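Participant: Just one file: upload_17.pdb, with PDB, C-alpha atoms.
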```pdb
ATOM      1  CA  MET A  20     -25.245   0.784  52.108
ATOM      2  CA  LYS A  21     -24.668   3.298  49.332
ATOM      3  CA  ILE A  22     -21.073   2.098  48.994
ATOM      4  CA  THR A  23     -22.275  -1.496  48.735
ATOM      5  CA  LYS A  24     -24.712  -0.546  45.962
ATOM      6  CA  ALA A  25     -22.018   1.377  44.125
ATOM      7  CA  ILE A  26     -19.687  -1.615  44.272
ATOM      8  CA  ALA A  27     -22.480  -3.872  43.067
ATOM      9  CA  CYS A  28     -23.241  -1.573  40.125
ATOM     10  CA  ALA A  29     -19.583  -1.337  39.195
ATOM     11  CA  THR A  30     -19.246  -5.116  39.349
ATOM     12  CA  ALA A  31     -22.337  -5.580  37.200
ATOM     13  CA  PHE A  32     -21.039  -3.090  34.638
ATOM     14  CA  ALA A  33     -17.651  -4.813  34.473
ATOM     15  CA  THR A  34     -19.336  -8.178  34.095
ATOM     16  CA  LEU A  35     -21.518  -6.854  31.289
ATOM     17  CA  ALA A  36     -18.486  -5.387  29.500
ATOM     18  CA  LEU A  37     -16.589  -8.637  29.900
ATOM     19  CA  SER A  38     -19.475 -10.724  28.628
ATOM     20  CA  SER A  39     -19.806  -8.391  25.633
ATOM     21  CA  THR A  40     -16.117  -8.807  24.848
ATOM     22  CA  VAL A  41     -16.306 -12.570  25.203
ATOM     23  CA  SER A  42     -19.368 -12.628  22.950
ATOM     24  CA  LEU A  43     -17.463 -10.706  20.270
ATOM     25  CA  ALA A  44     -14.491 -13.022  20.546
ATOM     26  CA  ALA A  45     -16.663 -16.153  20.317
ATOM     27  CA  GLY A  46     -19.089 -15.102  17.588
ATOM     28  CA  TYR A  47     -17.109 -12.641  15.483
ATOM     29  CA  PRO A  48     -17.601 -12.206  12.615
ATOM     30  CA  GLU A  49     -21.326 -12.829  12.388
ATOM     31  CA  ARG A  50     -21.835 -11.058   9.054
ATOM     32  CA  SER A  51     -19.916  -9.840   6.045
ATOM     33  CA  ILE A  52     -17.055  -7.352   6.438
ATOM     34  CA  THR A  53     -16.400  -4.369   4.185
ATOM     35  CA  MET A  54     -12.799  -3.720   3.178
ATOM     36  CA  ILE A  55     -12.222  -0.230   1.818
ATOM     37  CA  VAL A  56      -9.555   0.033  -0.878
ATOM     38  CA  PRO A  57      -8.723   3.738  -1.344
ATOM     39  CA  PHE A  58      -7.901   3.400  -5.036
ATOM     40  CA  SER A  59      -9.766   2.501  -8.214
ATOM     41  CA  ALA A  60     -10.710  -1.039  -9.177
ATOM     42  CA  GLY A  61      -8.177  -2.866 -11.325
ATOM     43  CA  GLY A  62      -5.137  -1.096  -9.900
ATOM     44  CA  PRO A  63      -2.245  -2.853  -8.144
ATOM     45  CA  THR A  64      -3.553  -2.278  -4.609
ATOM     46  CA  ASP A  65      -6.997  -3.486  -5.660
ATOM     47  CA  THR A  66      -5.421  -6.649  -7.059
ATOM     48  CA  VAL A  67      -3.634  -7.351  -3.771
ATOM     49  CA  SER A  68      -6.753  -6.661  -1.717
ATOM     50  CA  ARG A  69      -8.991  -9.020  -3.677
ATOM     51  CA  LEU A  70      -6.550 -11.897  -3.450
ATOM     52  CA  VAL A  71      -6.158 -11.477   0.295
ATOM     53  CA  ALA A  72      -9.832 -10.779   1.007
ATOM     54  CA  GLU A  73     -10.919 -13.962  -0.736
ATOM     55  CA  ALA A  74      -8.479 -16.084   1.265
ATOM     56  CA  MET A  75      -9.300 -14.366   4.576
ATOM     57  CA  SER A  76     -13.019 -14.895   3.956
ATOM     58  CA  LYS A  77     -12.503 -18.638   3.918
ATOM     59  CA  ASP A  78     -10.889 -18.627   7.349
ATOM     60  CA  LEU A  79     -13.369 -16.163   8.849
ATOM     61  CA  GLY A  80     -16.424 -17.960   7.519
ATOM     62  CA  GLN A  81     -17.832 -14.635   6.325
ATOM     63  CA  GLN A  82     -17.316 -12.754   3.096
ATOM     64  CA  ILE A  83     -15.049  -9.708   2.928
ATOM     65  CA  ILE A  84     -16.559  -7.337   0.389
ATOM     66  CA  ILE A  85     -14.217  -4.938  -1.411
ATOM     67  CA  GLU A  86     -15.389  -1.354  -1.796
ATOM     68  CA  ASN A  87     -13.251   0.994  -3.882
ATOM     69  CA  VAL A  88     -13.242   4.554  -2.542
ATOM     70  CA  GLY A  89     -10.650   6.341  -4.657
ATOM     71  CA  GLY A  90      -9.547   9.950  -4.619
ATOM     72  CA  ALA A  91      -7.088  12.348  -3.008
ATOM     73  CA  GLY A  92      -4.197   9.887  -3.040
ATOM     74  CA  GLY A  93      -6.036   7.360  -0.898
ATOM     75  CA  THR A  94      -6.989   9.810   1.839
ATOM     76  CA  LEU A  95     -10.717   9.771   1.038
ATOM     77  CA  GLY A  96     -10.957   6.025   1.622
ATOM     78  CA  ALA A  97      -8.772   6.209   4.706
ATOM     79  CA  GLY A  98     -10.934   9.007   6.056
ATOM     80  CA  ARG A  99     -14.051   6.915   5.501
ATOM     81  CA  VAL A 100     -12.628   4.156   7.660
ATOM     82  CA  ALA A 101     -11.295   6.546  10.293
ATOM     83  CA  SER A 102     -14.833   7.847  10.852
ATOM     84  CA  ALA A 103     -16.510   4.426  10.730
ATOM     85  CA  GLU A 104     -17.793   2.563  13.763
ATOM     86  CA  GLY A 105     -15.125   0.416  15.403
ATOM     87  CA  ASP A 106     -17.151  -2.785  15.407
ATOM     88  CA  GLY A 107     -14.812  -4.978  13.350
ATOM     89  CA  TYR A 108     -16.935  -4.832  10.205
ATOM     90  CA  THR A 109     -15.103  -2.051   8.367
ATOM     91  CA  LEU A 110     -11.468  -2.408   7.322
ATOM     92  CA  LEU A 111      -8.938  -0.481   5.259
ATOM     93  CA  LEU A 112      -6.282  -1.999   3.018
ATOM     94  CA  HIS A 113      -3.819   0.753   2.166
ATOM     95  CA  HIS A 114      -0.274   0.888   0.863
ATOM     96  CA  ILE A 115       2.763   3.028   1.723
ATOM     97  CA  GLY A 116       0.618   6.091   1.022
ATOM     98  CA  MET A 117      -0.773   5.678   4.527
ATOM     99  CA  ALA A 118       2.611   6.882   5.789
ATOM    100  CA  THR A 119       3.469   9.453   3.135
ATOM    101  CA  SER A 120       0.079  11.196   3.213
ATOM    102  CA  ALA A 121       0.916  12.364   6.739
ATOM    103  CA  THR A 122       3.455  14.734   5.142
ATOM    104  CA  LEU A 123       2.062  15.102   1.613
ATOM    105  CA  TYR A 124      -1.272  16.512   2.720
ATOM    106  CA  ARG A 125      -1.324  19.712   4.711
ATOM    107  CA  LYS A 126      -4.845  19.012   5.949
ATOM    108  CA  LEU A 127      -5.997  15.487   6.714
ATOM    109  CA  ALA A 128      -9.389  14.622   8.138
ATOM    110  CA  TYR A 129      -7.747  12.125  10.483
ATOM    111  CA  ASP A 130      -4.678  11.636  12.656
ATOM    112  CA  THR A 131      -2.695   8.973  10.805
ATOM    113  CA  LEU A 132      -1.084   7.353  13.840
ATOM    114  CA  ASN A 133      -4.032   7.631  16.221
ATOM    115  CA  ALA A 134      -7.186   7.161  14.133
ATOM    116  CA  PHE A 135      -6.775   3.441  13.474
ATOM    117  CA  GLU A 136      -6.246   0.050  15.009
ATOM    118  CA  TYR A 137      -3.779  -2.274  13.305
ATOM    119  CA  VAL A 138      -4.264  -5.750  11.814
ATOM    120  CA  GLY A 139      -1.037  -6.562   9.971
ATOM    121  CA  LEU A 140       1.228  -6.241   6.957
ATOM    122  CA  VAL A 141       0.156  -8.010   3.767
ATOM    123  CA  THR A 142       3.006  -7.757   1.278
ATOM    124  CA  GLU A 143       5.768  -5.477   0.068
ATOM    125  CA  VAL A 144       5.674  -5.026  -3.680
ATOM    126  CA  PRO A 145       8.898  -4.076  -5.515
ATOM    127  CA  MET A 146       8.861  -1.169  -7.937
ATOM    128  CA  THR A 147      10.151  -1.067 -11.493
ATOM    129  CA  ILE A 148      11.716   1.821 -13.372
ATOM    130  CA  VAL A 149      10.251   1.592 -16.868
ATOM    131  CA  ALA A 150      10.027   3.716 -19.993
ATOM    132  CA  ARG A 151       8.254   3.836 -23.344
ATOM    133  CA  LYS A 152       9.353   0.923 -25.511
ATOM    134  CA  ASP A 153      11.171   3.113 -28.056
ATOM    135  CA  MET A 154      13.389   4.815 -25.477
ATOM    136  CA  ASP A 155      16.950   4.798 -26.877
ATOM    137  CA  ALA A 156      18.766   4.335 -23.547
ATOM    138  CA  LYS A 157      20.133   0.786 -23.277
ATOM    139  CA  ASP A 158      20.482   0.612 -19.499
ATOM    140  CA  LEU A 159      19.664   2.513 -16.308
ATOM    141  CA  LYS A 160      22.809   4.643 -16.516
ATOM    142  CA  GLY A 161      21.861   5.599 -20.058
ATOM    143  CA  LEU A 162      18.333   6.461 -18.948
ATOM    144  CA  ILE A 163      19.650   8.664 -16.152
ATOM    145  CA  ASP A 164      22.059  10.415 -18.518
ATOM    146  CA  TYR A 165      19.224  10.987 -20.986
ATOM    147  CA  ALA A 166      16.932  12.350 -18.268
ATOM    148  CA  LYS A 167      19.579  14.762 -17.008
ATOM    149  CA  ALA A 168      20.361  15.978 -20.510
ATOM    150  CA  HIS A 169      16.684  16.590 -21.317
ATOM    151  CA  LYS A 170      15.341  17.449 -17.864
ATOM    152  CA  ASP A 171      13.050  20.189 -19.178
ATOM    153  CA  THR A 172      11.231  17.857 -21.563
ATOM    154  CA  VAL A 173      11.476  14.332 -20.094
ATOM    155  CA  THR A 174       8.116  13.383 -18.596
ATOM    156  CA  VAL A 175       7.546  11.118 -15.610
ATOM    157  CA  ALA A 176       4.021   9.708 -15.334
ATOM    158  CA  ASN A 177       2.295   8.888 -12.076
ATOM    159  CA  ALA A 178      -1.165   7.842 -10.935
ATOM    160  CA  GLY A 179      -1.748  10.992  -8.893
ATOM    161  CA  ILE A 180      -0.374  12.587  -5.742
ATOM    162  CA  GLY A 181       0.180   9.976  -3.062
ATOM    163  CA  ALA A 182       0.108   7.053  -5.483
ATOM    164  CA  ALA A 183       2.960   4.542  -5.388
ATOM    165  CA  SER A 184       4.160   5.733  -8.797
ATOM    166  CA  HIS A 185       4.236   9.322  -7.554
ATOM    167  CA  LEU A 186       6.308   8.412  -4.500
ATOM    168  CA  CYS A 187       8.760   6.308  -6.471
ATOM    169  CA  GLY A 188       9.045   9.029  -9.104
ATOM    170  CA  MET A 189       9.953  11.579  -6.424
ATOM    171  CA  LEU A 190      12.538   9.222  -4.989
ATOM    172  CA  PHE A 191      14.013   8.641  -8.462
ATOM    173  CA  MET A 192      14.360  12.378  -9.122
ATOM    174  CA  SER A 193      15.867  12.844  -5.671
ATOM    175  CA  ALA A 194      18.352  10.031  -6.290
ATOM    176  CA  ILE A 195      19.556  11.454  -9.610
ATOM    177  CA  GLN A 196      19.368  15.000  -8.214
ATOM    178  CA  THR A 197      17.407  16.186 -11.228
ATOM    179  CA  PRO A 198      13.853  17.556 -11.269
ATOM    180  CA  LEU A 199      11.856  16.257 -14.236
ATOM    181  CA  VAL A 200       8.454  17.086 -15.695
ATOM    182  CA  THR A 201       5.866  15.115 -13.709
ATOM    183  CA  VAL A 202       2.548  14.207 -15.323
ATOM    184  CA  PRO A 203      -0.130  13.137 -12.829
ATOM    185  CA  TYR A 204      -3.080  11.009 -13.926
ATOM    186  CA  LYS A 205      -6.290   9.929 -12.242
ATOM    187  CA  GLY A 206      -5.183   6.368 -11.677
ATOM    188  CA  THR A 207      -2.649   3.803 -12.820
ATOM    189  CA  GLY A 208      -4.681   2.744 -15.871
ATOM    190  CA  PRO A 209      -4.520   6.004 -17.831
ATOM    191  CA  ALA A 210      -0.897   6.562 -16.811
ATOM    192  CA  MET A 211       0.082   3.165 -18.209
ATOM    193  CA  THR A 212      -2.007   3.732 -21.329
ATOM    194  CA  ASP A 213      -0.062   6.873 -22.178
ATOM    195  CA  LEU A 214       3.259   5.186 -21.415
ATOM    196  CA  LEU A 215       2.276   2.375 -23.791
ATOM    197  CA  GLY A 216       1.349   4.955 -26.395
ATOM    198  CA  GLY A 217       4.594   6.879 -25.988
ATOM    199  CA  GLN A 218       2.889  10.063 -24.788
ATOM    200  CA  VAL A 219       5.077  10.037 -21.655
ATOM    201  CA  ASP A 220       8.642   8.860 -21.198
ATOM    202  CA  ILE A 221       9.184   7.233 -17.789
ATOM    203  CA  MET A 222       7.231   5.716 -14.950
ATOM    204  CA  CYS A 223       8.218   4.047 -11.683
ATOM    205  CA  ASP A 224       5.477   1.656 -10.611
ATOM    206  CA  GLN A 225       4.715  -1.581  -8.818
ATOM    207  CA  THR A 226       5.499  -4.961 -10.362
ATOM    208  CA  THR A 227       1.824  -5.826  -9.891
ATOM    209  CA  ASN A 228       1.106  -3.262 -12.593
ATOM    210  CA  THR A 229       4.148  -3.541 -14.882
ATOM    211  CA  THR A 230       5.253  -7.191 -14.982
ATOM    212  CA  LYS A 231       2.929  -8.325 -17.776
ATOM    213  CA  GLN A 232       3.754  -5.267 -19.860
ATOM    214  CA  ILE A 233       7.487  -5.845 -19.387
ATOM    215  CA  GLN A 234       7.152  -9.513 -20.287
ATOM    216  CA  GLY A 235       5.105  -8.592 -23.341
ATOM    217  CA  GLY A 236       7.686  -6.083 -24.539
ATOM    218  CA  THR A 237       5.231  -3.203 -24.650
ATOM    219  CA  ILE A 238       7.365  -1.104 -22.270
ATOM    220  CA  LYS A 239      11.093  -1.130 -21.567
ATOM    221  CA  ALA A 240      12.313  -2.089 -18.092
ATOM    222  CA  TYR A 241      15.489  -0.594 -16.637
ATOM    223  CA  ALA A 242      15.531  -1.714 -13.015
ATOM    224  CA  VAL A 243      13.677  -3.283 -10.108
ATOM    225  CA  THR A 244      13.924  -1.632  -6.709
ATOM    226  CA  SER A 245      14.291  -4.838  -4.687
ATOM    227  CA  PRO A 246      17.551  -5.910  -2.965
ATOM    228  CA  LYS A 247      17.981  -8.714  -5.509
ATOM    229  CA  ARG A 248      16.639  -9.593  -8.932
ATOM    230  CA  LEU A 249      13.145 -11.031  -9.167
ATOM    231  CA  ASP A 250      12.500 -14.551 -10.438
ATOM    232  CA  VAL A 251       9.639 -13.254 -12.556
ATOM    233  CA  LEU A 252      11.928 -10.611 -14.161
ATOM    234  CA  LYS A 253      15.326 -12.274 -14.080
ATOM    235  CA  ASP A 254      16.792 -10.171 -16.894
ATOM    236  CA  VAL A 255      16.013  -6.873 -15.201
ATOM    237  CA  PRO A 256      18.848  -5.646 -12.937
ATOM    238  CA  THR A 257      18.305  -4.035  -9.575
ATOM    239  CA  ALA A 258      18.554  -0.268  -9.303
ATOM    240  CA  VAL A 259      21.699  -0.717  -7.216
ATOM    241  CA  GLU A 260      23.248  -2.835  -9.970
ATOM    242  CA  GLY A 261      22.341  -0.080 -12.397
ATOM    243  CA  GLY A 262      24.240   2.530 -10.415
ATOM    244  CA  LEU A 263      21.660   3.983  -8.000
ATOM    245  CA  ALA A 264      23.305   3.185  -4.682
ATOM    246  CA  GLY A 265      20.825   2.549  -1.884
ATOM    247  CA  PHE A 266      17.801   2.834  -4.175
ATOM    248  CA  GLU A 267      15.635   0.145  -2.643
ATOM    249  CA  VAL A 268      11.950   0.784  -2.138
ATOM    250  CA  GLY A 269       8.941  -1.469  -1.763
ATOM    251  CA  ILE A 270       5.289  -0.523  -1.667
ATOM    252  CA  TRP A 271       4.101  -2.256   1.474
ATOM    253  CA  HIS A 272       0.428  -2.886   2.159
ATOM    254  CA  GLY A 273      -1.319  -3.170   5.506
ATOM    255  CA  ILE A 274      -4.792  -3.712   6.920
ATOM    256  CA  TYR A 275      -6.309  -1.285   9.433
ATOM    257  CA  ALA A 276      -9.559  -0.906  11.373
ATOM    258  CA  PRO A 277     -11.231   2.176  12.900
ATOM    259  CA  LYS A 278     -10.017   3.339  16.303
ATOM    260  CA  GLY A 279     -11.858   1.573  19.073
ATOM    261  CA  THR A 280     -12.239  -1.723  17.258
ATOM    262  CA  PRO A 281     -12.011  -4.403  19.990
ATOM    263  CA  LYS A 282      -8.652  -6.089  20.354
ATOM    264  CA  GLU A 283     -10.354  -9.468  20.008
ATOM    265  CA  ALA A 284     -11.552  -8.470  16.541
ATOM    266  CA  THR A 285      -8.171  -7.205  15.314
ATOM    267  CA  GLU A 286      -6.472 -10.316  16.671
ATOM    268  CA  ARG A 287      -9.008 -12.556  14.915
ATOM    269  CA  LEU A 288      -8.496 -10.635  11.687
ATOM    270  CA  SER A 289      -4.723 -10.853  12.071
ATOM    271  CA  LYS A 290      -4.999 -14.623  12.498
ATOM    272  CA  ALA A 291      -7.137 -14.852   9.359
ATOM    273  CA  LEU A 292      -4.579 -12.726   7.498
ATOM    274  CA  GLN A 293      -1.760 -15.038   8.540
ATOM    275  CA  VAL A 294      -3.746 -18.052   7.326
ATOM    276  CA  ALA A 295      -4.544 -16.293   4.045
ATOM    277  CA  LEU A 296      -0.906 -15.437   3.376
ATOM    278  CA  LYS A 297      -0.020 -19.121   3.659
ATOM    279  CA  ASP A 298      -2.626 -20.053   1.053
ATOM    280  CA  PRO A 299      -0.788 -21.641  -1.923
ATOM    281  CA  ASN A 300      -2.986 -19.791  -4.399
ATOM    282  CA  VAL A 301      -2.178 -16.429  -2.819
ATOM    283  CA  ALA A 302       1.537 -17.204  -2.803
ATOM    284  CA  ALA A 303       1.420 -18.345  -6.445
ATOM    285  CA  ARG A 304      -0.490 -15.284  -7.626
ATOM    286  CA  PHE A 305       1.785 -12.961  -5.690
ATOM    287  CA  ALA A 306       4.815 -14.648  -7.283
ATOM    288  CA  GLU A 307       3.360 -14.047 -10.745
ATOM    289  CA  LEU A 308       3.104 -10.374  -9.844
ATOM    290  CA  GLY A 309       6.687 -10.185  -8.611
ATOM    291  CA  THR A 310       5.982 -10.096  -4.882
ATOM    292  CA  ALA A 311       5.545 -12.414  -1.896
ATOM    293  CA  PRO A 312       3.263 -12.629   1.166
ATOM    294  CA  SER A 313       4.408 -11.064   4.428
ATOM    295  CA  SER A 314       5.687 -13.435   7.097
ATOM    296  CA  ALA A 315       3.477 -14.483  10.009
ATOM    297  CA  SER A 316       5.471 -12.216  12.322
ATOM    298  CA  ASP A 317       4.867  -9.234  10.021
ATOM    299  CA  ALA A 318       1.146  -9.942   9.588
ATOM    300  CA  THR A 319       0.513  -8.635  13.104
ATOM    301  CA  PRO A 320      -0.740  -5.389  14.677
ATOM    302  CA  VAL A 321       2.622  -4.688  16.336
ATOM    303  CA  ALA A 322       4.594  -5.080  13.102
ATOM    304  CA  LEU A 323       2.248  -2.873  11.081
ATOM    305  CA  LYS A 324       2.272  -0.097  13.659
ATOM    306  CA  ALA A 325       6.076  -0.129  13.803
ATOM    307  CA  LYS A 326       6.268  -0.062   9.993
ATOM    308  CA  LEU A 327       3.906   2.897   9.718
ATOM    309  CA  GLU A 328       5.820   4.901  12.313
ATOM    310  CA  SER A 329       9.209   4.240  10.704
ATOM    311  CA  GLU A 330       7.975   4.998   7.187
ATOM    312  CA  ILE A 331       6.472   8.342   8.192
ATOM    313  CA  THR A 332       9.916   9.269   9.497
ATOM    314  CA  ARG A 333      11.695   7.936   6.395
ATOM    315  CA  TRP A 334       9.590   9.700   3.785
ATOM    316  CA  LYS A 335       9.137  13.068   5.459
ATOM    317  CA  PRO A 336      12.484  14.545   4.305
ATOM    318  CA  VAL A 337      12.040  13.153   0.756
ATOM    319  CA  ILE A 338       8.635  14.788   0.387
ATOM    320  CA  GLU A 339       9.723  18.046   1.998
ATOM    321  CA  GLY A 340      12.775  18.136  -0.251
ATOM    322  CA  ALA A 341      10.640  17.688  -3.369
ATOM    323  CA  GLY A 342       8.219  20.340  -2.181
ATOM    324  CA  GLN A 343       5.251  18.496  -3.690
ATOM    325  CA  TYR A 344       2.331  18.964  -1.330
ATOM    326  CA  ALA A 345      -1.412  18.612  -1.659
ATOM    327  CA  ASP A 346      -4.102  20.580   0.117
TER     328      ASP A 346
END
```
Mind converting the file's structure to C-alpha cells?

Facilitator:
Amino acid sequence: MKITKAIACATAFATLALSSTVSLAAGYPERSITMIVPFSAGGPTDTVSRLVAEAMSKDLGQQIIIENVGGAGGTLGAGRVASAEGDGYTLLLHHIGMATSATLYRKLAYDTLNAFEYVGLVTEVPMTIVARKDMDAKDLKGLIDYAKAHKDTVTVANAGIGAASHLCGMLFMSAIQTPLVTVPYKGTGPAMTDLLGGQVDIMCDQTTNTTKQIQGGTIKAYAVTSPKRLDVLKDVPTAVEGGLAGFEVGIWHGIYAPKGTPKEATERLSKALQVALKDPNVAARFAELGTAPSSASDATPVALKAKLESEITRWKPVIEGAGQYAD
C-alpha cells in the first residue's frame, strides 16, 4: 500500500514537472526580457546588442530590454546574470571577454563554463589596427618598426582590462615581440577621444567602433584582422598582408542565460536569434560596421559552448605570457 502511494506521488510529481515544462514551452515568453550588456552604452558591444535585441523582440512577441552593467572588464554584468534566476527572463550578451576573463581575473564570482546556459553566437567582429592621424608610418611594417624603435614611449590605448581593445593590444605586442606602454581607459569612448586628439599613439579595436573614424580620416588605419579585406574598408590591408603572419582575430559575441534556465527557453531564444540574424536590416547594419551575422548553425547553444571552451584554451597562454592580470 505504501509502495503504491509512493509510486502515485512520484507519478504526480513527474506529471506536474512535465506540465510546467510544457507550459513554459507554449507560453514563453509572457513578459519582457532583460538583456544585460556588461559594457557602457554606446560602445561596440552595446551597438551589436541593441540591433539583435530589437530583431529578436519581433519574433518573440515580447520586448528585450537592454541594461548596461559595465565594470571590471565585463565581469560585473556577467556575475549579475550568473546569480539571476534561471527563468528565461534574464540574458547576457557578452563578447570574447567571456573566455579571456577566465584567465585574466584571479578571482571571479562565477565559474565561466558552468554558471551559464547557452543560446548562440551572434557575430564575429573584425579588429582594426589604427593610430593617430599624424602618425608618420606609411604601412603596418612601418608602424611596427616605429613601435619597436620607440617602445618605451609608444602608447597603446585600450578600453580597460578585458575589453576587446585590451585583448587585441596584448596580441599585437605578443606578435611583434615588443612590450609597449599600455594606457587603459574606462570605456571605448574616452580611449577613442584621446586617439583622435593625438594623446595616445595606437589602438586595436573593433570595426564597429573604428570604421566611421577611418572613413572620415580622423584616424589612420594600418590593418584589419580578418582573413580577407573588408568591403567597407577595401583600401585597408589585412594584418597578414602587412607582415603579421597568422594575426587573425575576431571579437565574437554570444548570448547566455543563467544556469538552470529551461532548455525549452534557451531553444526558443536560439530560434529567435536565428530569425533575427536573417533580418535584412540587421545584416545591412552589420555590413556598415564591417561585420556579418553568425550562421544559423552557429547561432545555437552547442556552437556557443564549443566556441567558449576553445577560446579559453586559445587565450590562456597569450594572457599568461603578457602577465597582465586583474584581481

Participant: Neighbouring residues of region 288-295 of chain A were defined as those with any atom within 7 Å, considering all atoms listed in the file; residues of the same chain fewer than 5 positions away were excluded. Please report them as a PyMOL selection string.

Facilitator: chain A and resi 71+74-75+78-79+138-139+315+318-319

Participant: I want to know what sits within 7 Å of Glu143 (chain A), based on all atoms listed in the file, with residues of the same chain fewer than 4 positions away left out; could you give that as a count of residues only?

Facilitator: 5

Participant: Which value, in Å to one decimal, gives the distance between CA of Leu296 (chain A) and CA of Val141 (chain A)?

Facilitator: 7.5 Å

Participant: One decimal, Å: what's the distance from CA of Leu323 (chain A) over to CA of Gly279 (chain A), could you say?

Facilitator: 16.8 Å

Participant: Point out the residue among A:Pro299, A:Gly179, A:Pro203, A:Pro145 with the least atom-to-atom distance to Val243 (chain A), counting all atoms listed in the file.

Facilitator: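 Nearest candidate to Val243 (chain A) out of A:Pro299, A:Gly179, A:Pro203, A:Pro145: A:Pro145.
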
Participant: Please write the residues picked by the PyMOL selection byres ((chain A and resi 257) around 8) on this file as a list in words.

Facilitator: Ala242, Val243, Thr244, Ser245, Pro246, Lys247, Arg248, Val255, Pro256, Ala258, Val259, Glu260 and Gly261 of chain A

Participant: For Arg151 (chain A), which of A:Gly262, A:Pro63, A:Pro277, A:Gly236 is the closest residue, counting all atoms listed in the file?

Facilitator: A:Gly236

Participant: Could you tell me which residues the PyMOL selection byres ((chain A and resi 50) around 9) returns for this structure, as a PyMOL selection string?

Facilitator: chain A and resi 47-49+51-52+80-82+108

Participant: The PyMOL selection byres ((chain A and resi 342) around 12) - which residues does that actually catch in the file I just gave you? List them as a ChimeraX atom specification.

Facilitator: /A:122-125,189,193,198,335-341,343-345

Participant: What's around Ala306 (chain A) at 10 Å? Count only C-alpha atoms, leave out sequence neighbours fewer than 6 positions away in its own chain, and write the answer as a list in words.

Facilitator: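 My reading of the contact set: Thr227, Leu249, Asp250, Val251, Asn300 and Pro312 of chain A.
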
Participant: Can you pull out the residues contacting Thr197 (chain A)? Cut-off 9 Å, using only C-alpha atoms, and skip same-chain residues under 5 positions away; I want them as a list of chain:residue names.

Facilitator: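 Answer for this query is A:Ala166, A:Lys167, A:Lys170, A:Phe191, A:Met192.
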
Participant: Taking into account all atoms listed in the file, which residue in the set A:Gln225, A:Thr207, A:Thr174, A:Ser314 is nearest to His114 (chain A)?

Facilitator: A:Gln225

Participant: Excluding Ala156 (chain A) and residues on its chain fewer than 3 positions from it, collect all residues at most 10 Å away from it, counting only C-alpha atoms, and give them as a PDB file with C-alpha atoms, keeping the file's coordinate frame.

Facilitator:
```
ATOM      1  CA  ALA A 150      10.027   3.716 -19.993  1.00  0.00           C
ATOM      2  CA  ASP A 153      11.171   3.113 -28.056  1.00  0.00           C
ATOM      3  CA  LEU A 159      19.664   2.513 -16.308  1.00  0.00           C
ATOM      4  CA  LYS A 160      22.809   4.643 -16.516  1.00  0.00           C
ATOM      5  CA  GLY A 161      21.861   5.599 -20.058  1.00  0.00           C
ATOM      6  CA  LEU A 162      18.333   6.461 -18.948  1.00  0.00           C
ATOM      7  CA  ILE A 163      19.650   8.664 -16.152  1.00  0.00           C
ATOM      8  CA  ASP A 164      22.059  10.415 -18.518  1.00  0.00           C
ATOM      9  CA  TYR A 165      19.224  10.987 -20.986  1.00  0.00           C
ATOM     10  CA  ALA A 166      16.932  12.350 -18.268  1.00  0.00           C
ATOM     11  CA  LYS A 239      11.093  -1.130 -21.567  1.00  0.00           C
ATOM     12  CA  TYR A 241      15.489  -0.594 -16.637  1.00  0.00           C
TER      13      TYR A 241
END
```

Participant: Quick one, how far is CA of Lys297 (chain A) from CA of Ala311 (chain A)?

Facilitator: 10.3 Å

Participant: Please check which residues have atoms at most 10 Å from (-12.5, -4.2, 4.3) in the file's coordinates, counting only C-alpha atoms, and write them as a PDB file with C-alpha atoms, in the frame of the given file.

Facilitator:
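result.pdb, freshly written:
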```
ATOM      1  CA  SER A  51     -19.916  -9.840   6.045  1.00  0.00           C
ATOM      2  CA  ILE A  52     -17.055  -7.352   6.438  1.00  0.00           C
ATOM      3  CA  THR A  53     -16.400  -4.369   4.185  1.00  0.00           C
ATOM      4  CA  MET A  54     -12.799  -3.720   3.178  1.00  0.00           C
ATOM      5  CA  ILE A  55     -12.222  -0.230   1.818  1.00  0.00           C
ATOM      6  CA  VAL A  56      -9.555   0.033  -0.878  1.00  0.00           C
ATOM      7  CA  SER A  68      -6.753  -6.661  -1.717  1.00  0.00           C
ATOM      8  CA  ARG A  69      -8.991  -9.020  -3.677  1.00  0.00           C
ATOM      9  CA  ALA A  72      -9.832 -10.779   1.007  1.00  0.00           C
ATOM     10  CA  GLN A  82     -17.316 -12.754   3.096  1.00  0.00           C
ATOM     11  CA  ILE A  83     -15.049  -9.708   2.928  1.00  0.00           C
ATOM     12  CA  ILE A  84     -16.559  -7.337   0.389  1.00  0.00           C
ATOM     13  CA  ILE A  85     -14.217  -4.938  -1.411  1.00  0.00           C
ATOM     14  CA  GLU A  86     -15.389  -1.354  -1.796  1.00  0.00           C
ATOM     15  CA  ASN A  87     -13.251   0.994  -3.882  1.00  0.00           C
ATOM     16  CA  VAL A 100     -12.628   4.156   7.660  1.00  0.00           C
ATOM     17  CA  GLY A 107     -14.812  -4.978  13.350  1.00  0.00           C
ATOM     18  CA  TYR A 108     -16.935  -4.832  10.205  1.00  0.00           C
ATOM     19  CA  THR A 109     -15.103  -2.051   8.367  1.00  0.00           C
ATOM     20  CA  LEU A 110     -11.468  -2.408   7.322  1.00  0.00           C
ATOM     21  CA  LEU A 111      -8.938  -0.481   5.259  1.00  0.00           C
ATOM     22  CA  LEU A 112      -6.282  -1.999   3.018  1.00  0.00           C
ATOM     23  CA  ILE A 274      -4.792  -3.712   6.920  1.00  0.00           C
ATOM     24  CA  TYR A 275      -6.309  -1.285   9.433  1.00  0.00           C
ATOM     25  CA  ALA A 276      -9.559  -0.906  11.373  1.00  0.00           C
TER      26      ALA A 276
END
```

Participant: Here is a test: counting all atoms listed in the file, which residue of A:Thr64, A:Thr237, A:Gln232, A:Thr285 is nearest to Ala183 (chain A)?

Facilitator: A:Thr64
